[in-house]
Amino acid sequence: MNLDAKIPGGPLSQKWDKHRFDMKLVNPANKRKFEVIVVGSGLAGASAAASLAELGYCVKCFCFQDSPRRAHSIAAQGGINAAKNYQNDGDSVFRLFYDTVKGGDFRSREANVYRLAQVSNNIIDQCAAQGVPFAREYSGLLANRSFGGAQVSRTFYARGQTGQQLLLGAYQALSRQISLGTVQMFPRTEMLDLVVVQGHTKGIIARNLLTGEITAHAADAVVLGTGGYGNTFFLSTNAKGCNVSATWRACKKGAFFANPCYTQIHPTCIPVSGEHQSKLTLMSESLRNDGRVWVPKRKEDCPKPPGLVPESDRDYYLERKYPSFGNLAPRDISSRAAKEVCDEGRGIGPGGLGVYLDFADSIKRLGENVIRERYGNLFDMYEKITGENGYKVPMRIYPAVHYTMGGLWVDYNLMSNLPGLFVIGEANFSDHGANRLGASALMQGLADGYFILPYTIGHYFASAKIPRPSVSDPEFKKSEEDVRNTISKLLAVRGKRTATSLHRELGKLLWERCGMARNEAGLQTALKRIPELREEFWKNVNVTGGSGDLNQALEYAGRVADFMEFAEMLCFDALHRRESCGGHFREEFQTAEGEARRDDENFACVAAWEYQSPGRAPVLHEEPLVYEEVHMSTRSYK
Amino acid sequence: MNLTLKVWRQKDAAAPGHFETCQARDVLQDMSFLEMLDVVNEDLLARGKEPIAFDSDCREGICGMCSLVINGIPHGGQRGTATCQLHMRHFKDGETITIEPWRAKAFPLVKDLIVNRSAFDRIIQAGGFISAYTGGAPDANAITVPKPTADAAMDAAACIGCGACVAVCKNASAMLFVAAKVSHLNLLPQGKAEKDKRVWSMVSQMDKEGFGNCTVTASCEAVCPKEISLNFIAKMNRDYAIATLKGE
Ligand SMILES: Cc1cc2nc3c(=O)[nH]c(=O)nc-3n(C[C@H](O)[C@H](O)[C@H](O)COP(=O)(O)OP(=O)(O)OC[C@H]3O[C@@H](n4cnc5c(N)ncnc54)[C@H](O)[C@@H]3O)c2cc1C
Ligand code: SF4
Ligand code: FES
């Protein structure tokens, strides 16, 4: 199948303007005749639902939490990028675009990223108007910081709670539309299937998590803003409820999944403390602005308290290996470097899976108060979790799964290969290539929801002109029955293992075989083991209770069942991509110094996978990545 | 350590509830309170029993989903700490811990430890927003906000909407939650235009939802995981009085 990204012609800087002019419009009086389903109320979903409703569309919005305000976006700490150049330090749309493309290791789509940088400024304007309490200077103007290794200060933030404040802004806009009756909100409702009628996406099947009721919803288009799939690995920095079910079930209905192997492992998380661990906590990477990362030079020193390891016996390995970026080296590079020193046996803390993040020098230079002012809430959080005082002893950190760059394939209009299915935010694959830069996920989610989708969806309505079916259409009936069957099947197993134990096992397997570093043999092992684990799941999972009321064990088991299927596609993709790029490090493809070796000749493409049937390998479709304006250089942070 | 848990179990809003006693064995200091409950649930599941239903999502103290009354105190009584951030090192071996849901008329019980807090959403829908259409905003630096104002607005905006303030209040008043949102938006220049209408509509909705009156016992401030200040209630009362005078 020919994957047409529908990138508009003309020079890069004019594509979006031109496209906006070329797109067909829906007559304002007709907009209310179109119904749109938005699944997800995170930054992407909430901003889209609110903006579509403002335009006059009839919107239904779904989320599985008890309130749209609790979507996982709420947890983002660090900030959001924009090319405002308020600091006069040489930033521009082109620089933000270039940094993002380079940070993504030249595996993202040039035109999409350029547009993202263009609308980044509108996002800050919009959020400020909504009352997002961004950090300010004494002048009353907006403050910025540099983040994630950027050479300019372009990150806007609201203390350590940027995601919370941006999400509340979008939630408030959404709430306003709910009160106006233009959005019908369905909290505690989980989408369990996508309905495609004659090739066009026309609705969903959802389950009310309180009553167990299964309902069909028909619409003129469906928008998925359902977040990332980091929890496939069991342990990640994502919220407990994050899952792949919505996008995976769409994939099983024919939507292609692009680049699932691009997963981001964040270098600064609190290490695992035991088997009981339910999730991992991120320590914002802004800490690396003032903290120095080190491990002892010699294995023998690792069990000693850090204070007893003299300066001369410490290895500040990031500063040593990457003198110009030092502790601010990008996420993928820092994470791998931590893994390397731990693999050499020089890790610290329980199990030797940790490195120090040490503030002693900054405290000496700036005083504890300055550090407290900058990161007080993070030090508190660290102490709550570990019981240790980061001002007195170095923090212990270790990489953890954090973000997923892969997602459902979409064209320039954010529409998947299934007409009428739009995918926004972390759920799509489009803008971050093989590695996402800090503070750019919030930017992308809001760009998609506020400023891109509301235009492109109208073009689809105005051109497709396919009537909305009723929910009595056989496709709806069939989907509904499939959903019911899956639920009955889960309840009927009554085996001996909990969904958690099976999920944990899957996560461990993926972390070991398809985590920070991957190789062919390991991936083959994973691909052999996953189907076995899946079989074990369906033979031996124990789900108590029934389907007619709130049943968290059932909800979770359904999500784990999907992780078990999706994990296989993730490994197929990792196996197929015989190069190292961004978050995907294949051990066979590295330079003599151990750096990633990209293969632009063979892999400058998007790998979009088409689901076949249970147990059959997915089919690959490639979209070549053509760079018109930038030169694909080798990333170097030395 | 080993603990005895007395947990509130209730099948649904209509069914009668009761305390059920269960044992939490081999609990580690480093576990979070919810991880301890996860382990208990694993054990219940393994024995074919229904696990204890409780809400949580982010487990980082920011989404506001977790909601347990632990030994009589919402979120367990560690200053500035939500249930999900409470760790077991604060408990002693052999201790008995009671665990109950939020209790308030406006938060009907759903199951076991889960309640329905949609009343909070409806209060926000009544006016907890600035009516800024997507697309029409001026340059973000066109409106300056003095730093102290921005900081105060942020202090208020930090509320996670958990409802602990209601759960602890003997009147089940939602004043701290409502005051936090009103103050966040009313303090900012962007929120001025709708200032009176906002406070009026949100307070009316709060009353309609069946939350009680505020008698300033200040217990809300003490349990609030974000340490939202009681001063915001005073500020809201002022805004409300002005709105009333203007005849909103
Ligand atoms: C700890 C942490 C810190 C971060 N910090 C930053 C940062 O500083 N800067 C930055 O740019 N990015 C950051 N990120 C990344 C960023 O927060 C996320 O990528 C982004 O918020 C995702 O937004 P979203 O709208 O796509 O999805 P989400 O916010 O994950 O929302 C998903 C929504 O979909 C709903 N949903 C999912 N499945 C279903 C279903 N089947 N049925 C119904 N509803 C469903 C959920 O209920 C939810 O409402 C951070 C991420 C983490 C984990
Ligand atoms: S004011 Fe505090 S206790 Fe009340 S809802 Fe907000 S965060 Fe929770
Ligand atoms: S689970 Fe999110 S605040 Fe506790």
# chains A, B, ... in the order shown; residues from 1 in each chain; ligands from 1
>>> residues_near_ligand(ligand="ligand 1", cutoff="7 Å", atoms="only C-alpha atoms and all ligand atoms", output="PyMOL selection string")
chain A and resi 39-45+62-65+68+71-80+162-163+189-192+225-228+237-239+242-246+281-282+402-403+424-427+438-443+445
>>> write_last_selection(atoms="C-alpha atoms", output="compact mmCIF listing (two decimals), in the first residue's frame")
# COMPACT_ATOMS: atom_id res chain seq x y z
CA VAL A 39 -11.13 9.76 22.98
CA GLY A 40 -8.80 11.21 25.60
CA SER A 41 -8.86 14.33 27.71
CA GLY A 42 -5.12 14.93 28.07
CA LEU A 43 -3.49 17.98 26.56
CA ALA A 44 -4.21 16.70 23.08
CA GLY A 45 -7.75 15.43 23.63
CA PHE A 62 -14.19 10.10 26.64
CA CYS A 63 -11.67 9.37 29.36
CA PHE A 64 -11.15 6.51 31.79
CA GLN A 65 -10.37 8.63 34.86
CA PRO A 68 -11.00 14.82 32.46
CA ALA A 71 -5.33 12.71 32.40
CA HIS A 72 -1.70 11.70 32.52
CA SER A 73 -0.58 15.04 31.02
CA ILE A 74 -1.14 16.44 34.50
CA ALA A 75 2.14 14.89 35.65
CA ALA A 76 4.47 16.73 33.27
CA GLN A 77 6.89 18.77 35.28
CA GLY A 78 9.52 20.60 33.32
CA GLY A 79 8.01 22.87 30.73
CA ILE A 80 6.87 23.60 27.20
CA THR A 162 3.75 22.80 33.88
CA GLY A 163 1.71 19.85 32.65
CA THR A 189 -15.68 5.30 30.16
CA GLU A 190 -13.18 3.23 28.24
CA MET A 191 -13.10 2.85 24.48
CA LEU A 192 -12.76 -0.82 23.69
CA GLY A 225 -5.68 11.37 21.93
CA THR A 226 -5.10 8.38 24.15
CA GLY A 227 -1.45 8.88 25.05
CA GLY A 228 1.60 6.64 24.84
CA THR A 237 7.13 6.99 34.65
CA ASN A 238 3.61 6.96 33.20
CA ALA A 239 0.50 6.97 35.33
CA CYS A 242 -1.85 4.54 30.78
CA ASN A 243 -2.27 1.82 28.22
CA VAL A 244 -2.15 0.94 24.55
CA SER A 245 -5.67 -0.43 24.16
CA ALA A 246 -7.25 2.37 22.15
CA THR A 281 9.03 8.42 39.40
CA LEU A 282 10.74 10.89 37.17
CA HIS A 402 9.25 7.52 29.94
CA TYR A 403 7.78 8.39 26.58
CA ILE A 424 -3.12 13.44 18.15
CA GLY A 425 -0.63 13.89 20.97
CA GLU A 426 1.59 11.09 22.17
CA ALA A 427 -0.70 8.56 20.49
CA GLY A 438 12.54 17.78 26.64
CA ALA A 439 9.51 20.11 26.79
CA SER A 440 8.32 19.24 23.31
CA ALA A 441 5.58 16.70 24.08
CA LEU A 442 3.40 19.30 25.74
CA MET A 443 4.03 21.53 22.76
CA GLY A 445 -0.09 17.75 22.17
>>> residues_around(residues="Asp105 (chain A)", least_positions_apart="5", cutoff="8 Å", atoms="only C-alpha atoms", output="PDB file with C-alpha atoms, in the first residue's frame")
ATOM      1  CA  GLY A 433      11.446  10.972  15.211  1.00  0.00           C
ATOM      2  CA  ALA A 434      13.570   8.502  17.140  1.00  0.00           C
ATOM      3  CA  ASN A 435      14.038  10.681  20.216  1.00  0.00           C
ATOM      4  CA  CYS A 581      19.110   5.947  16.024  1.00  0.00           C
ATOM      5  CA  GLY A 582      17.784   8.001  18.912  1.00  0.00           C
ATOM      6  CA  ARG A 635      24.442  13.935  15.898  1.00  0.00           C
TER       7      ARG A 635
END
>>> residues_near_ligand(ligand="ligand 2", cutoff="6 Å", atoms="only C-alpha atoms and all ligand atoms", output="list in words")
Cys159, Ile160, Gly161, Cys162, Gly163, Ala164, Cys165, Leu176, Phe177, Cys224, Pro225, Lys226 and Ile228 of chain B
>>> interface_residues(of="chain A", to="chain B", cutoff="6 Å", atoms="only C-alpha atoms", output="JSON, numbers by chain")
{"A": [70, 125, 126, 128, 129, 130, 133, 136, 138, 140, 141, 172, 175, 176, 179, 239, 240, 241, 544]}
>>> write_last_selection(atoms="C-alpha atoms", output="compact mmCIF listing (two decimals), in the first residue's frame")
# COMPACT_ATOMS: atom_id res chain seq x y z
CA ARG A 70 -6.76 13.83 35.75
CA ASP A 125 -0.41 33.08 23.65
CA GLN A 126 -3.45 30.86 23.99
CA ALA A 128 -1.54 32.83 28.79
CA ALA A 129 -4.98 34.11 27.75
CA GLN A 130 -6.62 31.15 29.50
CA PRO A 133 0.08 30.94 35.66
CA ARG A 136 7.21 35.51 35.42
CA TYR A 138 9.84 40.90 38.15
CA GLY A 140 5.79 40.93 34.77
CA LEU A 141 7.00 39.41 31.51
CA GLN A 172 -11.28 24.68 31.84
CA SER A 175 -15.56 22.52 30.96
CA ARG A 176 -16.87 25.72 29.45
CA SER A 179 -21.58 23.76 30.30
CA ALA A 239 0.50 6.97 35.33
CA LYS A 240 -0.81 3.55 36.32
CA GLY A 241 -3.75 3.69 33.97
CA THR A 544 -12.40 -12.10 39.81
>>> closest_residue(among="A:Leu52, A:Lys279, A:Gly507, A:Arg32", to="ligand 3", atoms="only C-alpha atoms and all ligand atoms")
A:Lys279
>>> residues_around(residues="Pro306 (chain A)", least_positions_apart="2", cutoff="8 Å", atoms="only C-alpha atoms", output="PyMOL selection string")
chain A and resi 304+308-309+393-394
>>> write_last_selection(atoms="N, CA, C and O atoms", output="mmCIF file, in the first residue's frame")
data_model
loop_
_atom_site.group_PDB
_atom_site.id
_atom_site.type_symbol
_atom_site.label_atom_id
_atom_site.label_comp_id
_atom_site.auth_asym_id
_atom_site.auth_seq_id
_atom_site.Cartn_x
_atom_site.Cartn_y
_atom_site.Cartn_z
ATOM 1 N N LYS A 304 30.644 1.689 49.134
ATOM 2 C CA LYS A 304 30.972 2.713 50.142
ATOM 3 C C LYS A 304 29.964 3.863 50.098
ATOM 4 O O LYS A 304 29.440 4.193 49.043
ATOM 5 N N LEU A 308 32.689 8.890 51.141
ATOM 6 C CA LEU A 308 33.991 8.272 51.385
ATOM 7 C C LEU A 308 34.741 7.973 50.089
ATOM 8 O O LEU A 308 35.824 7.392 50.104
ATOM 9 N N VAL A 309 34.131 8.335 48.962
ATOM 10 C CA VAL A 309 34.840 8.157 47.689
ATOM 11 C C VAL A 309 35.461 9.505 47.332
ATOM 12 O O VAL A 309 34.753 10.457 47.016
ATOM 13 N N VAL A 393 23.135 14.020 50.857
ATOM 14 C CA VAL A 393 23.784 12.918 50.129
ATOM 15 C C VAL A 393 23.341 12.987 48.678
ATOM 16 O O VAL A 393 22.213 13.399 48.391
ATOM 17 N N PRO A 394 24.218 12.586 47.755
ATOM 18 C CA PRO A 394 23.826 12.663 46.353
ATOM 19 C C PRO A 394 22.573 11.825 46.098
ATOM 20 O O PRO A 394 22.377 10.790 46.729
#
>>> residues_around(residues="region 518-524 of chain A", least_positions_apart="5", cutoff="6 Å", atoms="only C-alpha atoms", output="list in words")
Arg513, Arg586 and Glu587 of chain A
>>> closest_residue(among="A:Gln164, A:Asn551, A:Ser335, A:Gln184", to="ligand 3", atoms="only C-alpha atoms and all ligand atoms")
A:Gln164
>>> residues_around(residues="Asn171 (chain B)", least_positions_apart="6", cutoff="10 Å", atoms="only C-alpha atoms", output="number ranges by chain")
B: 104-105, 211-215, 217
>>> closest_residue(among="B:Gly77, B:Thr4, B:Tyr240, B:Val178", to="Gln205 (chain B)", atoms="only C-alpha atoms")
B:Val178
>>> residues_around(residues="Met1 (chain B)", least_positions_apart="5", cutoff="9 Å", atoms="only C-alpha atoms", output="PyMOL selection string")
chain B and resi 24-29+91-94
>>> write_last_selection(atoms="C-alpha atoms", output="PDB file, in the first residue's frame")
ATOM      1  CA  ALA B  24      -0.665  -7.070  55.280  1.00  0.00           C
ATOM      2  CA  ARG B  25       2.443  -9.209  55.669  1.00  0.00           C
ATOM      3  CA  ASP B  26       6.096  -8.510  54.889  1.00  0.00           C
ATOM      4  CA  VAL B  27       5.490  -4.857  54.201  1.00  0.00           C
ATOM      5  CA  LEU B  28       8.690  -2.998  53.336  1.00  0.00           C
ATOM      6  CA  GLN B  29       9.587   0.506  54.470  1.00  0.00           C
ATOM      7  CA  PHE B  91       4.117   3.111  60.136  1.00  0.00           C
ATOM      8  CA  LYS B  92       5.186   0.695  62.848  1.00  0.00           C
ATOM      9  CA  ASP B  93       5.317  -3.077  62.827  1.00  0.00           C
ATOM     10  CA  GLY B  94       2.177  -4.589  64.320  1.00  0.00           C
TER      11      GLY B  94
END
>>> select_by_dssp(residues="region 154-259 of chain A", states="helix (DSSP H, G or I)", output="ChimeraX atom specification")
/A:162-180,230-233,245-252
>>> residues_around(residues="Asp562 (chain A)", least_positions_apart="3", cutoff="10 Å", atoms="only C-alpha atoms", output="ChimeraX atom specification")
/A:232,243-249,534,557-559,565-567
>>> select_by_dssp(residues="region 14-218 of chain B", states="strand (DSSP E)", output="list of chain:residue names")
B:His18, B:Phe19, B:Glu20, B:Thr21, B:Cys22, B:Gln23, B:Ala24, B:Val69, B:Ile70, B:Ile73, B:Pro74, B:Thr96, B:Ile97, B:Thr98, B:Ile99, B:Glu100, B:Leu109, B:Val110, B:Lys111, B:Ile114, B:Val115
>>> atom_distance(atom1="CA of Glu536 (chain A)", atom2="CA of Val560 (chain A)")
12.3 Å
>>> closest_residue(among="A:Ser633, A:Ser278, A:Gln590, A:Asn121", to="ligand 3", atoms="only C-alpha atoms and all ligand atoms")
A:Ser278
